[in-house]
$ cat my_file07.cif   # mmCIF, C-alpha atoms
data_structure
loop_
_atom_site.label_atom_id
_atom_site.label_comp_id
_atom_site.auth_asym_id
_atom_site.auth_seq_id
_atom_site.Cartn_x
_atom_site.Cartn_y
_atom_site.Cartn_z
CA MET A 660 91.26 156.80 113.30
CA LYS A 661 94.62 157.90 114.69
CA ASN A 662 95.42 154.29 115.69
CA SER A 663 94.52 152.86 112.29
CA GLY A 664 96.97 155.33 110.73
CA HIS A 665 99.77 153.84 112.85
CA TRP A 666 98.92 150.26 112.01
CA LEU A 667 98.52 150.64 108.25
CA PRO A 668 102.25 150.89 107.34
CA ALA A 669 103.08 147.98 109.63
CA ILE A 670 100.43 145.82 107.96
CA LEU A 671 101.65 146.81 104.49
CA ILE A 672 105.27 146.02 105.40
CA SER A 673 104.25 142.65 106.85
CA LEU A 674 102.31 141.79 103.69
CA ALA A 675 105.24 142.80 101.52
CA LEU A 676 107.63 140.63 103.57
CA LEU A 677 105.25 137.68 103.38
CA VAL A 678 104.97 137.93 99.59
CA CYS A 679 108.74 138.31 99.20
CA SER A 680 109.51 135.34 101.41
CA ASN A 681 107.06 133.18 99.44
CA LEU A 682 108.55 134.26 96.14
CA SER A 683 112.08 133.53 97.29
CA CYS A 684 110.88 130.14 98.53
CA LEU A 685 109.41 129.36 95.14
CA ALA A 686 112.55 130.50 93.37
CA ALA A 687 114.82 128.52 95.72
CA GLY A 688 113.14 125.18 95.69
CA ASP A 689 109.81 124.65 94.02
CA ILE A 690 109.17 121.08 92.81
CA GLN A 691 108.25 121.06 89.15
CA ILE A 692 106.19 118.29 87.61
CA ILE A 693 107.54 116.76 84.41
CA THR A 694 105.51 114.68 81.94
CA THR A 695 106.55 111.63 79.91
CA PRO A 696 107.01 113.53 76.58
CA GLU A 697 108.99 116.25 78.36
CA LEU A 698 111.27 113.73 80.09
CA LYS A 699 111.74 111.77 76.88
CA LYS A 700 112.72 114.92 75.02
CA TRP A 701 115.07 115.95 77.79
CA LEU A 702 116.81 112.56 77.92
CA ALA A 703 117.29 112.61 74.17
CA ALA A 704 118.96 116.02 74.38
CA GLY A 705 122.69 116.49 74.90
CA GLN A 706 122.52 117.80 78.46
CA LYS A 707 120.56 115.23 80.43
CA PRO A 708 119.12 115.78 83.90
CA PHE A 709 120.30 113.75 86.88
CA LEU A 710 117.68 111.01 87.05
CA VAL A 711 116.93 109.36 90.40
CA TYR A 712 114.90 106.20 91.05
CA THR A 713 113.66 106.39 94.64
CA LEU A 714 112.60 102.81 95.37
CA SER A 715 114.90 99.91 96.33
CA GLN A 716 117.95 98.44 94.60
CA VAL A 717 116.02 95.17 94.34
CA GLU A 718 113.42 96.85 92.12
CA PHE A 719 116.05 98.93 90.36
CA TYR A 720 117.83 95.74 89.20
CA GLU A 721 114.65 94.65 87.46
CA GLU A 722 113.75 97.73 85.45
CA ARG A 723 114.50 101.40 85.33
CA ILE A 724 114.59 104.33 82.96
CA PRO A 725 117.97 104.24 81.18
CA GLY A 726 120.57 106.44 82.79
CA SER A 727 119.00 106.44 86.27
CA VAL A 728 120.74 106.06 89.59
CA CYS A 729 119.03 104.42 92.57
CA ILE A 730 118.75 106.45 95.76
CA PRO A 731 115.97 105.11 98.01
CA THR A 732 113.98 107.86 99.74
CA GLU A 733 115.12 106.53 103.12
CA GLN A 734 118.77 107.05 102.14
CA MET A 735 118.49 110.47 100.51
CA LYS A 736 120.10 112.37 103.36
CA THR A 737 123.14 110.08 103.57
CA SER A 738 123.63 109.41 99.86
CA ARG A 739 126.91 110.46 98.27
CA GLU A 740 125.52 110.00 94.79
CA LEU A 741 123.53 113.23 94.63
CA PRO A 742 125.09 116.01 92.56
CA THR A 743 127.36 118.40 94.43
CA ASN A 744 126.09 121.31 92.33
CA MET A 745 122.76 122.27 93.93
CA ASP A 746 121.55 123.78 90.63
CA THR A 747 121.80 120.50 88.71
CA PRO A 748 118.43 119.65 87.16
CA THR A 749 117.38 116.55 89.10
CA VAL A 750 114.38 114.37 88.26
CA PHE A 751 112.93 111.97 90.84
CA TYR A 752 110.63 109.08 89.99
CA CYS A 753 109.28 105.85 91.46
CA ALA A 754 106.78 103.21 90.33
CA GLY A 755 104.06 105.71 89.50
CA PRO A 756 100.32 105.26 89.91
CA GLY A 757 98.65 101.86 89.70
CA MET B 262 108.87 112.24 99.28
CA ALA B 263 112.37 112.27 97.83
CA ALA B 264 111.87 115.41 95.71
CA GLY B 265 110.67 117.30 98.80
CA GLN B 266 113.73 116.09 100.72
CA ALA B 267 115.97 117.33 97.91
CA VAL B 268 114.39 120.77 98.14
CA ALA B 269 114.85 120.76 101.91
CA MET B 270 118.51 119.84 101.36
CA GLY B 271 118.95 122.95 99.22
CA TYR B 272 118.55 121.65 95.66
CA ARG B 273 117.12 124.39 93.48
CA ASN B 274 116.20 122.61 90.25
CA VAL B 275 114.04 119.69 91.35
CA TYR B 276 111.56 117.82 89.15
CA TRP B 277 109.12 115.07 89.98
CA TYR B 278 108.20 112.61 87.25
CA LYS B 279 105.03 111.46 88.96
CA GLU B 280 103.90 109.15 86.14
CA GLY B 281 106.95 107.06 87.11
CA LEU B 282 107.83 103.67 85.65
CA ALA B 283 104.17 102.96 84.95
CA GLY B 284 103.88 106.06 82.76
CA TRP B 285 107.20 105.39 81.08
CA LYS B 286 106.16 101.83 80.18
CA LYS B 287 102.72 102.98 79.02
CA GLY B 288 104.41 105.10 76.38
CA HIS B 289 106.41 102.03 75.22
CA ASN B 290 109.64 103.78 76.06
CA LEU B 291 112.93 101.98 76.45
CA LEU B 292 113.67 100.37 79.81
CA GLU B 293 116.98 99.22 81.18
CA SER B 294 117.44 96.08 83.30
CA LEU B 295 120.30 94.23 84.87
CA ASN B 296 118.73 91.01 83.70
CA PHE B 297 115.42 90.97 81.85
CA LYS B 298 115.15 87.19 82.10
CA TYR B 299 115.35 87.39 85.87
CA ALA B 300 112.92 90.31 85.99
CA HIS B 301 110.24 88.21 84.32
CA ARG B 302 110.83 84.83 85.91
CA LYS B 303 107.98 82.81 87.36
CA ILE B 304 107.41 83.18 91.07
CA PRO B 305 105.50 81.04 93.61
CA GLU B 306 101.78 81.67 94.15
CA PRO B 307 100.81 84.08 96.93
CA ILE B 308 99.09 82.87 100.07
CA ALA B 309 95.69 84.30 101.04
CA PRO B 310 95.39 86.10 104.41
CA ARG B 311 93.21 83.48 106.14
CA ALA B 312 95.32 80.60 104.84
CA LEU B 313 98.40 82.37 106.19
CA ALA B 314 96.76 82.95 109.58
CA GLU B 315 96.12 79.20 109.77
CA LYS B 316 99.70 78.36 108.74
CA LEU B 317 101.09 80.71 111.39
CA ARG B 318 99.07 78.82 114.01
CA SER B 319 99.91 75.33 112.83
CA ASP B 320 103.23 75.27 110.99
CA PRO B 321 106.41 76.49 112.76
CA ARG B 322 108.30 76.59 109.46
CA TYR B 323 106.46 79.77 108.41
CA LEU B 324 108.40 83.02 108.89
CA LEU B 325 107.05 86.44 107.91
CA VAL B 326 109.48 88.82 106.21
CA ASP B 327 108.13 92.33 106.58
CA ILE B 328 109.63 94.39 103.75
CA ARG B 329 107.69 97.62 104.40
CA ASP B 330 109.21 100.85 105.68
CA ASN B 331 108.78 102.01 109.28
CA LYS B 332 106.11 104.55 108.30
CA SER B 333 103.83 101.79 107.05
CA ARG B 334 104.54 99.55 110.03
CA GLN B 335 103.69 102.36 112.43
CA LYS B 336 100.48 103.14 110.54
CA ASP B 337 99.15 99.59 110.04
CA GLY B 338 100.99 97.55 112.66
CA LEU B 339 102.58 94.11 112.36
CA ILE B 340 101.07 90.68 111.81
CA ASP B 341 101.28 88.76 115.05
CA GLY B 342 103.65 85.93 114.22
CA PRO B 343 107.35 85.14 113.84
CA THR B 344 108.67 88.07 111.85
CA GLU B 345 111.92 89.23 110.35
CA VAL B 346 111.82 92.98 109.67
CA LEU B 347 113.81 93.73 106.52
CA PRO B 348 112.83 96.92 104.64
CA LEU B 349 113.09 96.49 100.89
CA TYR B 350 115.61 99.32 100.54
CA GLN B 351 118.04 97.28 102.71
CA PHE B 352 117.15 93.93 101.16
CA HIS B 353 120.13 93.69 98.77
CA THR B 354 122.64 94.15 101.60
CA ASP B 355 120.93 92.17 104.37
CA PHE B 356 119.03 89.33 102.65
CA ALA B 357 121.61 86.74 103.75
CA GLN B 358 120.29 86.95 107.32
CA LEU B 359 117.14 85.18 106.10
CA PRO B 360 117.16 81.44 106.85
CA ASP B 361 116.90 79.02 103.92
CA ASP B 362 115.19 76.27 105.92
CA LYS B 363 111.96 78.22 106.58
CA VAL B 364 108.98 79.11 104.40
CA LEU B 365 109.55 82.84 103.92
CA VAL B 366 106.38 84.89 103.46
CA MET B 367 107.04 88.38 102.10
CA VAL B 368 104.69 90.99 103.53
CA ASP B 369 104.35 94.40 101.90
CA ILE B 370 101.55 96.97 101.69
CA ARG B 371 99.53 95.73 98.68
CA ALA B 372 101.57 92.85 97.24
CA LYS B 373 103.18 95.09 94.64
CA GLN B 374 106.78 94.95 95.87
CA ALA B 375 106.92 91.42 97.31
CA PRO B 376 107.32 89.73 93.89
CA ALA B 377 110.56 91.68 93.30
CA ALA B 378 111.88 90.52 96.68
CA ILE B 379 111.03 86.92 95.80
CA ARG B 380 112.70 87.11 92.38
CA TYR B 381 115.78 88.52 94.11
CA LEU B 382 115.89 85.59 96.55
CA LEU B 383 115.36 83.08 93.76
CA GLU B 384 118.35 84.60 91.99
CA LYS B 385 120.31 84.13 95.21
CA LYS B 386 119.49 80.41 95.20
CA TYR B 387 116.73 80.35 97.80
CA TYR B 388 114.28 77.51 97.18
CA PHE B 389 111.21 78.15 95.04
CA THR B 390 109.17 75.95 97.38
CA HIS B 391 110.29 77.95 100.44
CA LEU B 392 109.09 81.33 99.20
CA THR B 393 105.70 83.00 98.96
CA TYR B 394 104.03 86.34 99.67
CA LEU B 395 100.89 87.59 101.31
CA LYS B 396 98.15 88.02 98.72
CA GLY B 397 97.00 91.66 98.80
CA GLY B 398 99.65 92.54 101.39
CA ILE B 399 98.92 93.90 104.87
CA SER B 400 95.97 95.87 103.41
CA ALA B 401 94.16 92.62 102.57
CA TRP B 402 95.05 91.14 105.98
CA ILE B 403 93.47 94.16 107.70
CA SER B 404 90.44 94.17 105.36
CA GLU B 405 89.77 90.57 106.39
CA GLY B 406 89.65 91.67 110.03
CA LEU B 407 92.72 89.65 110.99
CA PRO B 408 94.68 90.85 114.05
CA VAL B 409 97.73 93.11 114.01
CA LYS B 410 99.95 94.27 116.84
CA ALA B 411 101.56 97.68 117.32
CA PHE B 412 105.06 98.17 115.91
#

$ encode --input "my_file07.cif" --output "structure tokens"
Amino acid sequence: MKNSGHWLPAILISLALLVCSNLSCLAAGDIQIITTPELKKWLAAGQKPFLVYTLSQVEFYEERIPGSVCIPTEQMKTSRELPTNMDTPTVFYCAGPG
Amino acid sequence: MAAGQAVAMGYRNVYWYKEGLAGWKKGHNLLESLNFKYAHRKIPEPIAPRALAEKLRSDPRYLLVDIRDNKSRQKDGLIDGPTEVLPLYQFHTDFAQLPDDKVLVMVDIRAKQAPAAIRYLLEKKYYFTHLTYLKGGISAWISEGLPVKAF
């Protein structure tokens, strides 16, 4: 019984830390799903998101959502086209299902 | 996935439009194109896996152009035959390395991206009769039990 008394605060602190770290992770960089009506509404609004097509330039030439830029997934880390402000709303899309 | 990479890079307001172009078109929403006429031009017929296997054995003019990414090549392997590896994301900068005196056979995963590569080459004055793509992509080749080699 004495031992369990020692362990209880440690377990509670660990749990609290775990929950906090998960929450901060969610707040810092959770990926949010956006639907067609939501995107359409957003693009029609004054302040548009930064819209990124993630397939190739070859496909981008053919068709894209108006206002997109093309940054292939493979070139994400080296691209200079991504916004410098890390809080910029940024929407990624590709060909979609089918 | 690009959105996941953005999060890893520190972006804090990341969205994924997973319906993509298909969902956008389904809703009859406006699309933008550099050249709609080019985007809808006629392309050569694809070649079936077994017919291609025969051509690779008998006709030295046939050259495979593997436009997949490395992840796919590592997972499914390469068709055993003369191959130029040119991922589609590098195609617009490196296409000129492709010979114009060969029959170029675009190979992708499921024959969904190869038509775009062919239209691009047609626009760049490659011959219609010297271009084709693998019907069903590498997936169909594997389904038919045809051999692949490790990448």

$ resolve_selection --input "my_file07.cif" --expression "the PyMOL selection byres ((chain B and resi 266) around 12)" --output "MDAnalysis selection string"
(chainID A and resid 688:690 713 730:738 741 751) or (chainID B and resid 262:265 267:273 275:277)

$ interface_residues --input "my_file07.cif" --of "chain B" --to "chain A" --cutoff "10 Å" --atoms "all atoms listed in the file" --output "PyMOL selection string"
chain B and resi 262-288+290-301+330-331+348-354+373-382

$ atom_distance --input "my_file07.cif" --atom1 "atom CA of Leu359 of chain B" --atom2 "atom CA of Ile399 of chain B"
20.2 Å

$ atom_distance --input "my_file07.cif" --atom1 "atom CA of Glu345 of chain B" --atom2 "atom CA of Ile304 of chain B"
20.7 Å

$ resolve_selection --input "my_file07.cif" --expression "the PyMOL selection byres ((chain B and resi 390-396) around 6)" --output "ChimeraX atom specification"
/B:305,307-309,364-368,388-389,397-398
